[in-house]
Number of protein chains: 2
Amino acid sequence: MKIKGQHYRTIWVKENEPGVVQTIDQRLLPFKFEILDLRKPEDFEWAIADMIVRGAPLIGVTAAYGMYAATLSKQSRHDIQKVAESLKKTRPTAVDLFNSIERMTNAIKTASDPVKQSQIALSLANQMAEESVDGCRKIGEYGLEIIKQISKKKNGEPVNILTHCNAGWLACIDYGTATAPVYLAHEEGIKVHVWVDETRPRNQGSRLTAFELGEHGVPHTVIADNTGGHLMQHGMVDMVIVGTDRTTRTGDVANKIGTYLKALAAHDNNIPFYVALPSSTFDWSIRNGIEEIPIETRSPKEVKYMEGWNGTEIDDVLLMPYSSKTANYGFDVTPGRLITGLITEKGICKANEKSILELFPEQRT
Amino acid sequence: MKIKGQHYRTIWVKENEPGVVQTIDQRLLPFKFEILDLRKPEDFEWAIADMIVRGAPLIGVTAAYGMYAATLSKQSRHDIQKVAESLKKTRPTAVDLFNSIERMTNAIKTASDPVKQSQIALSLANQMAEESVDGCRKIGEYGLEIIKQISKKKNGEPVNILTHCNAGWLACIDYGTATAPVYLAHEEGIKVHVWVDETRPRNQGSRLTAFELGEHGVPHTVIADNTGGHLMQHGMVDMVIVGTDRTTRTGDVANKIGTYLKALAAHDNNIPFYVALPSSTFDWSIRNGIEEIPIETRSPKEVKYMEGWNGTEIDDVLLMPYSSKTANYGFDVTPGRLITGLITEKGICKANEKSILELFPEQRT
């Protein structure tokens with residue numbers, strides 16, 4: 001999508017320098033726009049762990065390029081496998097990371113020599129990026145139909161869509177998951193307005209979703225995470241669309257902490273609650289999201305301080321007595337029963353095993 | 001309760017200077033502790049509107065002292081009535097404000113001369129402060145019984161209590177409403193631990209509740225507002241206690257924005273959800289909270305910026321693209337059906353008209 005009128009993706013191989021992968025430093029957005037070069041496998045591990053890149057699909061593709069970097073710098077299978085293990089440890093919740101590393105590992109194994117290894121790795125990483133873009137566009141097309149129906153019912157009045165965190169193009173390679181239907185609707189001239197949850201503690205909503213919607217010209221309003229329930233009670237939200245970091249075969253969804261609260265409010269007010277996801281975020285081995293999906297705990301500092309722009313630079317301010325303890329859980333699990341539908345690149349299904357397997361019959365066991 | 005080991009109330013008449021009312025500047029907490037002198041009626045209006053003082057019970061008592069100040073500086077009934085009208089405009093949601101001004105107006109009317117007016121006004125304002133302290137202590141005693149029962153069931157393991165915003169002693173004169181049972185339990189040696197919602201956008205949880213619990217030695221952990229649902233799903237919350245700014249005769253509760261989301265999560269996880277309130281926050285004229293309680297909208301800046309301590313002073317940082325719009329609703333309404341019980345100074349009742357009127361038979365119409 002666009003930044004200052006120019007088209008970008010979130011990650012790409014540098015022109016004429018195939019050993020360098022470039023990405024936007026998302027820690028600095030929306031206050032600064034900087035592009036970073038990633039070369040060594042450690043650069044990719046750092047980029048994922050330190051959230052230079054974030055969002056399940058982008059994490060997956062970044063890890064794939066990290067494996068490609070491993071084939072450039074490490075020649076032995078054993079050393080490449082060590083990189084795979086390190087990459088897996090960078091973030092615990094998103095399943096794309098593990099799927100992506102597994103695909104890369106299997107592909108690299110088929111190579112007969114180190115040069116072939118790198119060729120295969122680069123080609124597959126590029127392919128995975130294209131698959132993500134293609135998948136997001138398809139998610140957008142399916143989701144667009146839902147928005148069109150609501151727009152028609154409202155006689156063309158703006159469709160108010162609430163989203164949580166950033167499941168936008170900055171979390172993917174392009175289009176985004178939750179935002180893809182919004183962007184396609186906007187391009188078609190359908191009036192949309194997005195309620196953007198700020199998404200404490202890291203504020204991916206106010207920093208990233210607001211940024212990307214604004215740069216692309218989509219009307220939006222940032223709200224405190226506490227606000228969505230009130231808006232829903234008063235008919236100010238027509239639908240909710242969020243992303244997911246891991247989805248069980250039964251339709252439970254692990255997404256940014258606070259998603260569950262919005263799902264409860266949508267359910268209580270009969271507002272459709274959709275989750276947009278590339279099928280790579282399914283974890284087919286898990287049936288009970290609340291019991292089985294590991295939830296990342298992050299640094300207490302993210303709750304204790306708030307980062308923002310002080311007029312001169314990015315700075316953080318202390319929010320509470322220094323002696324107060326904080327806890328920081330990164331995700332929560334929304335049970336399938338609260339979800340109206342899953343919007344995937346294969347179509348829309350209900351958030352239960354039967355409906356999911358109708359769309360993905362190859363996963364029947 | 002205690003600050004740095006010394007006992008304080010939130011508002012008091014200055015010793016040997018009956019024309020001066022003193023209060024803690026709550027805008028500066030927890031980073032600075034400053035006491036302000038209020039003299040003219042305009043000082044009181046400013047203190048309420050600018051949130052030097054906040055919290056429904058404290059707003060009510062501050063307005064009462066504001067009326068007392070009016071009797072000192074304005075001699076005619078007409079001028080005093082003008083002050084009453086201005087005071088009423090400072091905050092729209094809390095009903096205590098209106099009730100308190102009405103009581104003062106009626107009392108002042110009975111005075112035969114300006115000197116008597118002031119005497120009556122001071123005496124009633126002091127009395128209202130004492131009534132609040134007494135009411136809060138009683139709320140604490142009733143709520144303590146609930147905590148005791150949970151503590152017993154858990155064989156003395158800490159009782160985990162989640163609270164939203166600040167319905168603490170800083171919102172009242174002493175003890176607090178939602179915190180009163182916590183303080184009494186703590187004093188009795190019952191193990192309690194409080195999950196403190198930070199309560200964006202103004203962070204009354206991380207700034208005030210964490211401060212007052214910490215100063216009084218009560219174990220607590222501050223969390224992002226998004227976190228409560230996850231904790232409840234995982235058995236980490238034994239009960240929720242919040243305050244209220246206005247309560248209908250049918251048991252709907254208007255409280256700080258986001259309260260409704262926590263009530264939904266508590267309900268979904270079978271966790272008791274209590275609202276602690278002095279009966280002065282009942283609005284007996286209203287039956288449908290969602291439709292009838294006016295919800296204050298506050299400055300968009302409170303969402304756009306976050307205030308905190310930058311290491312040297314209280315400062316704010318921009319959280320989003322400067323061009324993004326924000327919306328800032330101060331309160332939401334939790335329907336009575338989601339509330340386990342109302343803890344009042346008269347006892348505990350269910351959040352429905354029948355049960356409420358059993359406790360307050362004088363309000364039957």
# chains A, B, ... in the order shown; residues from 1 in each chain; ligands from 1
$ closest_atom_pairs --of "region 232-341 of chain A" --to "region 140-152 of chain A" --cutoff "10 Å" --atoms "only C-alpha atoms" --output "CSV"
residue,atom,partner,partner_atom,distance
A:Asp238,CA,A:Ile150,CA,7.5
A:Met239,CA,A:Ile147,CA,8.5
A:Ile241,CA,A:Gly143,CA,9.2
A:Pro272,CA,A:Ile146,CA,9.9
A:Tyr274,CA,A:Gly143,CA,8.9
A:Val275,CA,A:Gly143,CA,9.9
A:Ala276,CA,A:Gly143,CA,8.1
$ write_last_selection --atoms "N, CA, C and O atoms" --output "PDB file, in the first residue's frame"
ATOM      1  N   ASP A 238     -20.706  -1.189  12.830  1.00  0.00           N
ATOM      2  CA  ASP A 238     -21.475  -2.109  11.978  1.00  0.00           C
ATOM      3  C   ASP A 238     -20.840  -3.494  11.919  1.00  0.00           C
ATOM      4  O   ASP A 238     -21.530  -4.483  11.701  1.00  0.00           O
ATOM      5  N   MET A 239     -19.546  -3.547  12.052  1.00  0.00           N
ATOM      6  CA  MET A 239     -18.871  -4.848  12.070  1.00  0.00           C
ATOM      7  C   MET A 239     -17.501  -4.702  12.712  1.00  0.00           C
ATOM      8  O   MET A 239     -16.945  -3.602  12.782  1.00  0.00           O
ATOM      9  N   ILE A 241     -13.623  -6.400  12.470  1.00  0.00           N
ATOM     10  CA  ILE A 241     -12.701  -7.324  11.790  1.00  0.00           C
ATOM     11  C   ILE A 241     -11.360  -7.249  12.506  1.00  0.00           C
ATOM     12  O   ILE A 241     -10.820  -6.153  12.698  1.00  0.00           O
ATOM     13  N   PRO A 272     -21.749  -8.268  13.853  1.00  0.00           N
ATOM     14  CA  PRO A 272     -20.899  -9.319  13.284  1.00  0.00           C
ATOM     15  C   PRO A 272     -19.426  -9.116  13.631  1.00  0.00           C
ATOM     16  O   PRO A 272     -18.909  -7.996  13.539  1.00  0.00           O
ATOM     17  N   TYR A 274     -15.815 -10.609  12.689  1.00  0.00           N
ATOM     18  CA  TYR A 274     -15.064 -11.439  11.744  1.00  0.00           C
ATOM     19  C   TYR A 274     -13.575 -11.464  12.073  1.00  0.00           C
ATOM     20  O   TYR A 274     -13.021 -10.476  12.558  1.00  0.00           O
ATOM     21  N   VAL A 275     -12.974 -12.615  11.794  1.00  0.00           N
ATOM     22  CA  VAL A 275     -11.526 -12.736  11.899  1.00  0.00           C
ATOM     23  C   VAL A 275     -10.991 -13.020  10.500  1.00  0.00           C
ATOM     24  O   VAL A 275     -11.474 -13.935   9.824  1.00  0.00           O
ATOM     25  N   ALA A 276     -10.039 -12.208  10.052  1.00  0.00           N
ATOM     26  CA  ALA A 276      -9.448 -12.385   8.724  1.00  0.00           C
ATOM     27  C   ALA A 276      -8.104 -13.077   8.879  1.00  0.00           C
ATOM     28  O   ALA A 276      -7.297 -12.680   9.723  1.00  0.00           O
TER      29      ALA A 276
END
$ interface_residues --of "chain A" --to "chain B" --cutoff "7 Å" --atoms "only C-alpha atoms" --output "ChimeraX atom specification"
/A:30,200-201,206-207,210-211,214,220-227,229-230,257-258,260-261,264-265,303,308-310,316-321,324-329,332
$ write_last_selection --atoms "N, CA and C atoms" --output "compact mmCIF listing (two decimals), in the first residue's frame"
# COMPACT_ATOMS: atom_id res chain seq x y z
N PRO A 30 4.59 5.92 13.92
CA PRO A 30 4.44 6.74 12.72
C PRO A 30 5.35 7.98 12.72
N ARG A 200 -3.20 -0.88 23.71
CA ARG A 200 -2.16 -0.92 24.74
C ARG A 200 -1.79 -2.37 24.99
N PRO A 201 -0.53 -2.67 25.41
CA PRO A 201 0.47 -1.67 25.78
C PRO A 201 1.35 -1.15 24.65
N SER A 206 -2.86 2.70 17.37
CA SER A 206 -2.67 4.15 17.17
C SER A 206 -1.40 4.44 16.39
N ARG A 207 -0.39 3.57 16.51
CA ARG A 207 0.87 3.85 15.82
C ARG A 207 0.91 3.31 14.40
N ALA A 210 -3.49 3.34 12.44
CA ALA A 210 -3.86 4.73 12.13
C ALA A 210 -2.92 5.29 11.05
N PHE A 211 -1.64 4.97 11.16
CA PHE A 211 -0.65 5.43 10.18
C PHE A 211 -0.98 4.91 8.79
N GLY A 214 -4.28 6.27 7.42
CA GLY A 214 -4.12 7.69 7.10
C GLY A 214 -3.32 7.90 5.82
N HIS A 220 -10.70 7.38 9.56
CA HIS A 220 -10.58 6.55 10.76
C HIS A 220 -10.54 7.43 12.00
N THR A 221 -10.85 6.83 13.14
CA THR A 221 -10.82 7.52 14.42
C THR A 221 -10.17 6.59 15.44
N VAL A 222 -9.17 7.09 16.13
CA VAL A 222 -8.49 6.28 17.15
C VAL A 222 -9.25 6.40 18.47
N ILE A 223 -9.42 5.27 19.15
CA ILE A 223 -10.12 5.26 20.44
C ILE A 223 -9.29 4.47 21.46
N ALA A 224 -9.51 4.79 22.74
CA ALA A 224 -8.93 3.97 23.80
C ALA A 224 -9.55 2.58 23.72
N ASP A 225 -8.81 1.58 24.14
CA ASP A 225 -9.30 0.20 24.07
C ASP A 225 -10.60 0.00 24.86
N ASN A 226 -10.83 0.87 25.82
CA ASN A 226 -12.02 0.77 26.66
C ASN A 226 -13.32 1.15 25.95
N THR A 227 -13.21 1.75 24.78
CA THR A 227 -14.34 2.47 24.18
C THR A 227 -15.30 1.63 23.35
N GLY A 229 -17.04 -1.11 23.51
CA GLY A 229 -18.32 -1.59 24.03
C GLY A 229 -19.39 -0.51 23.99
N HIS A 230 -19.02 0.68 24.42
CA HIS A 230 -19.95 1.82 24.39
C HIS A 230 -20.41 2.12 22.97
N ILE A 257 -3.95 -9.20 22.87
CA ILE A 257 -4.69 -9.10 24.13
C ILE A 257 -5.78 -8.02 24.01
N GLY A 258 -6.99 -8.37 24.45
CA GLY A 258 -8.11 -7.44 24.38
C GLY A 258 -9.11 -7.79 23.29
N TYR A 260 -10.63 -10.60 22.82
CA TYR A 260 -11.73 -11.34 23.45
C TYR A 260 -12.79 -10.40 24.01
N LEU A 261 -12.35 -9.28 24.61
CA LEU A 261 -13.31 -8.32 25.19
C LEU A 261 -14.19 -7.70 24.10
N LEU A 264 -16.77 -10.29 22.95
CA LEU A 264 -17.88 -10.37 23.91
C LEU A 264 -18.87 -9.24 23.68
N ALA A 265 -18.35 -8.04 23.48
CA ALA A 265 -19.21 -6.87 23.29
C ALA A 265 -19.98 -6.97 21.98
N VAL A 303 4.15 -1.97 29.89
CA VAL A 303 2.96 -1.48 30.60
C VAL A 303 3.32 -0.27 31.47
N GLY A 308 6.16 7.48 22.92
CA GLY A 308 5.52 8.38 21.98
C GLY A 308 6.49 9.46 21.55
N TRP A 309 5.97 10.47 20.89
CA TRP A 309 6.79 11.54 20.34
C TRP A 309 6.71 12.74 21.27
N ASN A 310 7.86 13.16 21.79
CA ASN A 310 7.84 14.27 22.76
C ASN A 310 8.01 15.64 22.09
N ASP A 316 9.94 7.79 26.19
CA ASP A 316 8.88 7.17 26.98
C ASP A 316 8.70 7.87 28.31
N VAL A 317 7.46 7.78 28.78
CA VAL A 317 7.12 8.41 30.06
C VAL A 317 6.62 7.32 31.01
N LEU A 318 6.97 7.47 32.29
CA LEU A 318 6.51 6.56 33.34
C LEU A 318 5.05 6.84 33.64
N LEU A 319 4.24 5.78 33.77
CA LEU A 319 2.80 5.97 33.90
C LEU A 319 2.26 5.75 35.30
N MET A 320 3.09 5.26 36.20
CA MET A 320 2.57 4.83 37.51
C MET A 320 3.68 4.97 38.55
N PRO A 321 3.36 4.71 39.81
CA PRO A 321 4.44 4.74 40.80
C PRO A 321 5.52 3.74 40.37
N SER A 324 5.23 0.15 41.62
CA SER A 324 4.10 -0.74 41.30
C SER A 324 4.54 -1.82 40.32
N LYS A 325 4.08 -3.05 40.57
CA LYS A 325 4.34 -4.16 39.65
C LYS A 325 3.40 -4.07 38.45
N THR A 326 3.82 -4.64 37.32
CA THR A 326 2.93 -4.74 36.16
C THR A 326 2.99 -6.15 35.60
N ALA A 327 1.97 -6.53 34.85
CA ALA A 327 1.97 -7.81 34.14
C ALA A 327 1.64 -7.52 32.68
N ASN A 328 2.21 -8.31 31.77
CA ASN A 328 2.09 -8.00 30.35
C ASN A 328 1.90 -9.28 29.51
N TYR A 329 0.66 -9.65 29.34
CA TYR A 329 0.33 -10.79 28.49
C TYR A 329 0.05 -10.27 27.08
N ASP A 332 -4.78 -12.86 23.88
CA ASP A 332 -5.81 -13.64 24.55
C ASP A 332 -6.51 -14.49 23.50
$ atom_distance --atom1 "CA of Pro41 (chain A)" --atom2 "CA of Ala167 (chain A)"
25.7 Å
$ closest_residue --among "A:Thr105, A:Thr163, A:Thr365, A:Asn99" --to "Asp79 (chain A)" --atoms "only C-alpha atoms"
A:Thr105
$ select_by_dssp --residues "region 63-166 of chain A" --states "strand (DSSP E or B)" --output "JSON, numbers by chain"
{"A": [159, 160, 161, 162, 163]}
$ write_last_selection --atoms "N, CA and C atoms" --output "mmCIF file, in the first residue's frame"
data_model
loop_
_atom_site.group_PDB
_atom_site.id
_atom_site.type_symbol
_atom_site.label_atom_id
_atom_site.label_comp_id
_atom_site.auth_asym_id
_atom_site.auth_seq_id
_atom_site.Cartn_x
_atom_site.Cartn_y
_atom_site.Cartn_z
ATOM 1 N N VAL A 159 -19.828 2.649 6.365
ATOM 2 C CA VAL A 159 -19.818 1.419 7.148
ATOM 3 C C VAL A 159 -18.758 1.577 8.234
ATOM 4 N N ASN A 160 -19.182 1.475 9.494
ATOM 5 C CA ASN A 160 -18.256 1.651 10.613
ATOM 6 C C ASN A 160 -17.673 0.311 11.032
ATOM 7 N N ILE A 161 -16.362 0.200 10.878
ATOM 8 C CA ILE A 161 -15.672 -1.057 11.138
ATOM 9 C C ILE A 161 -14.710 -0.852 12.296
ATOM 10 N N LEU A 162 -14.830 -1.683 13.327
ATOM 11 C CA LEU A 162 -13.881 -1.580 14.441
ATOM 12 C C LEU A 162 -12.787 -2.618 14.264
ATOM 13 N N THR A 163 -11.538 -2.215 14.496
ATOM 14 C CA THR A 163 -10.450 -3.197 14.467
ATOM 15 C C THR A 163 -9.542 -2.995 15.673
#
$ select_by_dssp --residues "region 47-91 of chain A" --states "helix (DSSP H, G or I)" --output "PDB file with N, CA and C atoms, in the first residue's frame"
ATOM      1  N   ALA A  47      15.315  -8.716  14.341  1.00  0.00           N
ATOM      2  CA  ALA A  47      14.195  -7.968  13.744  1.00  0.00           C
ATOM      3  C   ALA A  47      12.853  -8.524  14.222  1.00  0.00           C
ATOM      4  N   ILE A  48      12.794  -9.854  14.394  1.00  0.00           N
ATOM      5  CA  ILE A  48      11.534 -10.447  14.862  1.00  0.00           C
ATOM      6  C   ILE A  48      11.374 -10.235  16.370  1.00  0.00           C
ATOM      7  N   ALA A  49      12.419 -10.559  17.122  1.00  0.00           N
ATOM      8  CA  ALA A  49      12.312 -10.490  18.592  1.00  0.00           C
ATOM      9  C   ALA A  49      12.099  -9.052  19.069  1.00  0.00           C
ATOM     10  N   ALA A  56       1.766 -11.787  12.393  1.00  0.00           N
ATOM     11  CA  ALA A  56       2.058 -13.192  12.097  1.00  0.00           C
ATOM     12  C   ALA A  56       2.544 -13.427  10.656  1.00  0.00           C
ATOM     13  N   PRO A  57       1.872 -12.919   9.622  1.00  0.00           N
ATOM     14  CA  PRO A  57       2.340 -13.217   8.262  1.00  0.00           C
ATOM     15  C   PRO A  57       3.723 -12.630   7.975  1.00  0.00           C
ATOM     16  N   LEU A  58       3.957 -11.405   8.435  1.00  0.00           N
ATOM     17  CA  LEU A  58       5.262 -10.795   8.184  1.00  0.00           C
ATOM     18  C   LEU A  58       6.360 -11.505   8.972  1.00  0.00           C
ATOM     19  N   ILE A  59       6.057 -11.931  10.181  1.00  0.00           N
ATOM     20  CA  ILE A  59       7.031 -12.692  10.965  1.00  0.00           C
ATOM     21  C   ILE A  59       7.417 -13.960  10.190  1.00  0.00           C
ATOM     22  N   GLY A  60       6.423 -14.632   9.625  1.00  0.00           N
ATOM     23  CA  GLY A  60       6.680 -15.860   8.868  1.00  0.00           C
ATOM     24  C   GLY A  60       7.612 -15.607   7.689  1.00  0.00           C
ATOM     25  N   VAL A  61       7.334 -14.585   6.921  1.00  0.00           N
ATOM     26  CA  VAL A  61       8.143 -14.304   5.730  1.00  0.00           C
ATOM     27  C   VAL A  61       9.534 -13.807   6.139  1.00  0.00           C
ATOM     28  N   THR A  62       9.611 -13.027   7.199  1.00  0.00           N
ATOM     29  CA  THR A  62      10.920 -12.567   7.671  1.00  0.00           C
ATOM     30  C   THR A  62      11.778 -13.765   8.095  1.00  0.00           C
ATOM     31  N   ALA A  63      11.163 -14.713   8.789  1.00  0.00           N
ATOM     32  CA  ALA A  63      11.902 -15.920   9.198  1.00  0.00           C
ATOM     33  C   ALA A  63      12.368 -16.694   7.959  1.00  0.00           C
ATOM     34  N   ALA A  64      11.538 -16.706   6.907  1.00  0.00           N
ATOM     35  CA  ALA A  64      11.931 -17.394   5.674  1.00  0.00           C
ATOM     36  C   ALA A  64      13.174 -16.740   5.077  1.00  0.00           C
ATOM     37  N   TYR A  65      13.190 -15.406   5.031  1.00  0.00           N
ATOM     38  CA  TYR A  65      14.381 -14.713   4.532  1.00  0.00           C
ATOM     39  C   TYR A  65      15.564 -14.928   5.490  1.00  0.00           C
ATOM     40  N   GLY A  66      15.278 -15.097   6.762  1.00  0.00           N
ATOM     41  CA  GLY A  66      16.334 -15.398   7.736  1.00  0.00           C
ATOM     42  C   GLY A  66      16.989 -16.744   7.422  1.00  0.00           C
ATOM     43  N   MET A  67      16.174 -17.707   7.021  1.00  0.00           N
ATOM     44  CA  MET A  67      16.713 -19.012   6.633  1.00  0.00           C
ATOM     45  C   MET A  67      17.540 -18.880   5.353  1.00  0.00           C
ATOM     46  N   TYR A  68      17.074 -18.039   4.448  1.00  0.00           N
ATOM     47  CA  TYR A  68      17.852 -17.752   3.231  1.00  0.00           C
ATOM     48  C   TYR A  68      19.206 -17.149   3.623  1.00  0.00           C
ATOM     49  N   ALA A  69      19.204 -16.205   4.561  1.00  0.00           N
ATOM     50  CA  ALA A  69      20.458 -15.606   5.035  1.00  0.00           C
ATOM     51  C   ALA A  69      21.364 -16.673   5.644  1.00  0.00           C
ATOM     52  N   ALA A  70      20.742 -17.637   6.316  1.00  0.00           N
ATOM     53  CA  ALA A  70      21.536 -18.723   6.909  1.00  0.00           C
ATOM     54  C   ALA A  70      22.253 -19.525   5.829  1.00  0.00           C
ATOM     55  N   THR A  71      21.581 -19.748   4.705  1.00  0.00           N
ATOM     56  CA  THR A  71      22.235 -20.516   3.629  1.00  0.00           C
ATOM     57  C   THR A  71      23.395 -19.724   3.027  1.00  0.00           C
ATOM     58  N   LEU A  72      23.341 -18.405   3.126  1.00  0.00           N
ATOM     59  CA  LEU A  72      24.439 -17.593   2.591  1.00  0.00           C
ATOM     60  C   LEU A  72      25.648 -17.607   3.521  1.00  0.00           C
ATOM     61  N   SER A  73      25.382 -17.584   4.821  1.00  0.00           N
ATOM     62  CA  SER A  73      26.497 -17.432   5.757  1.00  0.00           C
ATOM     63  C   SER A  73      26.935 -18.750   6.397  1.00  0.00           C
ATOM     64  N   ARG A  77      24.402 -28.102   6.918  1.00  0.00           N
ATOM     65  CA  ARG A  77      23.014 -28.344   7.326  1.00  0.00           C
ATOM     66  C   ARG A  77      22.851 -28.123   8.830  1.00  0.00           C
ATOM     67  N   HIS A  78      23.852 -28.616   9.567  1.00  0.00           N
ATOM     68  CA  HIS A  78      23.816 -28.525  11.021  1.00  0.00           C
ATOM     69  C   HIS A  78      23.729 -27.063  11.476  1.00  0.00           C
ATOM     70  N   ASP A  79      24.559 -26.214  10.870  1.00  0.00           N
ATOM     71  CA  ASP A  79      24.553 -24.796  11.242  1.00  0.00           C
ATOM     72  C   ASP A  79      23.244 -24.115  10.832  1.00  0.00           C
ATOM     73  N   ILE A  80      22.752 -24.498   9.662  1.00  0.00           N
ATOM     74  CA  ILE A  80      21.478 -23.911   9.203  1.00  0.00           C
ATOM     75  C   ILE A  80      20.349 -24.328  10.154  1.00  0.00           C
ATOM     76  N   GLN A  81      20.412 -25.559  10.615  1.00  0.00           N
ATOM     77  CA  GLN A  81      19.393 -26.044  11.547  1.00  0.00           C
ATOM     78  C   GLN A  81      19.442 -25.263  12.859  1.00  0.00           C
ATOM     79  N   LYS A  82      20.668 -24.898  13.266  1.00  0.00           N
ATOM     80  CA  LYS A  82      20.800 -24.094  14.492  1.00  0.00           C
ATOM     81  C   LYS A  82      20.111 -22.737  14.330  1.00  0.00           C
ATOM     82  N   VAL A  83      20.255 -22.151  13.150  1.00  0.00           N
ATOM     83  CA  VAL A  83      19.571 -20.875  12.882  1.00  0.00           C
ATOM     84  C   VAL A  83      18.063 -21.080  12.962  1.00  0.00           C
ATOM     85  N   ALA A  84      17.597 -22.173  12.384  1.00  0.00           N
ATOM     86  CA  ALA A  84      16.160 -22.476  12.437  1.00  0.00           C
ATOM     87  C   ALA A  84      15.685 -22.523  13.885  1.00  0.00           C
ATOM     88  N   GLU A  85      16.457 -23.176  14.729  1.00  0.00           N
ATOM     89  CA  GLU A  85      16.067 -23.285  16.145  1.00  0.00           C
ATOM     90  C   GLU A  85      16.058 -21.912  16.817  1.00  0.00           C
ATOM     91  N   SER A  86      17.054 -21.100  16.523  1.00  0.00           N
ATOM     92  CA  SER A  86      17.095 -19.748  17.115  1.00  0.00           C
ATOM     93  C   SER A  86      15.919 -18.907  16.631  1.00  0.00           C
ATOM     94  N   LEU A  87      15.625 -18.995  15.342  1.00  0.00           N
ATOM     95  CA  LEU A  87      14.509 -18.208  14.803  1.00  0.00           C
ATOM     96  C   LEU A  87      13.192 -18.604  15.467  1.00  0.00           C
ATOM     97  N   LYS A  88      13.046 -19.905  15.725  1.00  0.00           N
ATOM     98  CA  LYS A  88      11.799 -20.378  16.356  1.00  0.00           C
ATOM     99  C   LYS A  88      11.604 -19.803  17.746  1.00  0.00           C
TER     100      LYS A  88
END
$ residues_around --residues "Gln127 (chain B)" --least-positions-apart "3" --cutoff "12 Å" --atoms "only C-alpha atoms" --output "CSV table (one decimal) with C-alpha atoms, in the first residue's frame"
chain,number,residue,atom,x,y,z
B,12,TRP,CA,-10.8,19.5,54.3
B,61,VAL,CA,-18.5,17.2,48.5
B,64,ALA,CA,-20.9,21.4,48.5
B,65,TYR,CA,-17.8,23.4,49.7
B,100,SER,CA,-25.2,17.7,46.6
B,103,ARG,CA,-29.1,19.8,49.3
B,104,MET,CA,-26.9,22.8,49.8
B,120,ILE,CA,-25.4,26.4,57.6
B,121,ALA,CA,-23.4,25.8,54.4
B,122,LEU,CA,-20.2,25.0,56.2
B,123,SER,CA,-21.9,22.7,58.6
B,124,LEU,CA,-23.8,20.8,55.9
B,130,GLU,CA,-18.6,12.8,57.2
B,131,GLU,CA,-21.5,11.0,55.7
B,132,SER,CA,-19.3,9.9,52.8
B,133,VAL,CA,-16.6,8.6,55.1
B,134,ASP,CA,-19.2,6.8,57.2
B,135,GLY,CA,-20.9,5.4,54.1
B,173,ILE,CA,-13.2,11.5,51.2
$ residues_around --residues "Arg364 (chain B)" --least-positions-apart "3" --cutoff "10 Å" --atoms "only C-alpha atoms" --output "MDAnalysis selection string"
chainID B and resid 249 284 353:354 356:358 360:361
$ residues_around --residues "Leu359 (chain B)" --least-positions-apart "6" --cutoff "10 Å" --atoms "only C-alpha atoms" --output "list in words"
Thr344, Lys346, Gly347, Ile348, Cys349 and Lys350 of chain B
$ atom_distance --atom1 "CA of Ile24 (chain B)" --atom2 "CA of Arg91 (chain B)"
18.8 Å
$ atom_distance --atom1 "CA of Leu277 (chain B)" --atom2 "CA of Asn166 (chain B)"
12.7 Å
$ closest_residue --among "A:Pro114, A:Gly243, A:Gly217, A:Gly156" --to "Cys172 (chain A)" --atoms "only C-alpha atoms"
A:Gly243
$ residues_around --residues "Val20 (chain B)" --least-positions-apart "4" --cutoff "8 Å" --atoms "only C-alpha atoms" --output "list in words"
Val13, Lys14, Asp37, Leu38 and Arg39 of chain B
$ residues_around --residues "Gln6 (chain B)" --least-positions-apart "3" --cutoff "12 Å" --atoms "only C-alpha atoms" --output "list in words"
Met1, Lys2, Ile3, Arg9, Glu215 and His216 of chain B
$ write_last_selection --atoms "N, CA, C and O atoms" --output "compact mmCIF listing (two decimals), in the first residue's frame"
# COMPACT_ATOMS: atom_id res chain seq x y z
N MET B 1 -6.93 7.59 54.18
CA MET B 1 -5.94 6.54 54.22
C MET B 1 -4.55 7.19 54.24
O MET B 1 -4.43 8.39 54.40
N LYS B 2 -3.51 6.36 54.08
CA LYS B 2 -2.16 6.89 54.32
C LYS B 2 -1.39 7.27 53.05
O LYS B 2 -1.48 6.60 52.03
N ILE B 3 -0.66 8.36 53.15
CA ILE B 3 0.34 8.74 52.15
C ILE B 3 1.63 8.98 52.91
O ILE B 3 1.66 9.79 53.84
N ARG B 9 -7.26 12.95 54.27
CA ARG B 9 -8.50 12.88 53.53
C ARG B 9 -8.29 13.62 52.21
O ARG B 9 -7.24 14.24 52.03
N GLU B 215 0.82 3.14 48.60
CA GLU B 215 1.10 3.93 49.80
C GLU B 215 0.54 3.26 51.05
O GLU B 215 1.06 3.40 52.14
N HIS B 216 -0.55 2.51 50.87
CA HIS B 216 -1.16 1.85 52.01
C HIS B 216 -0.64 0.41 52.19
O HIS B 216 -1.05 -0.29 53.11
$ closest_residue --among "B:Tyr175, B:Val240, B:Asp43, B:Ile101" --to "Asp197 (chain B)" --atoms "only C-alpha atoms"
B:Val240
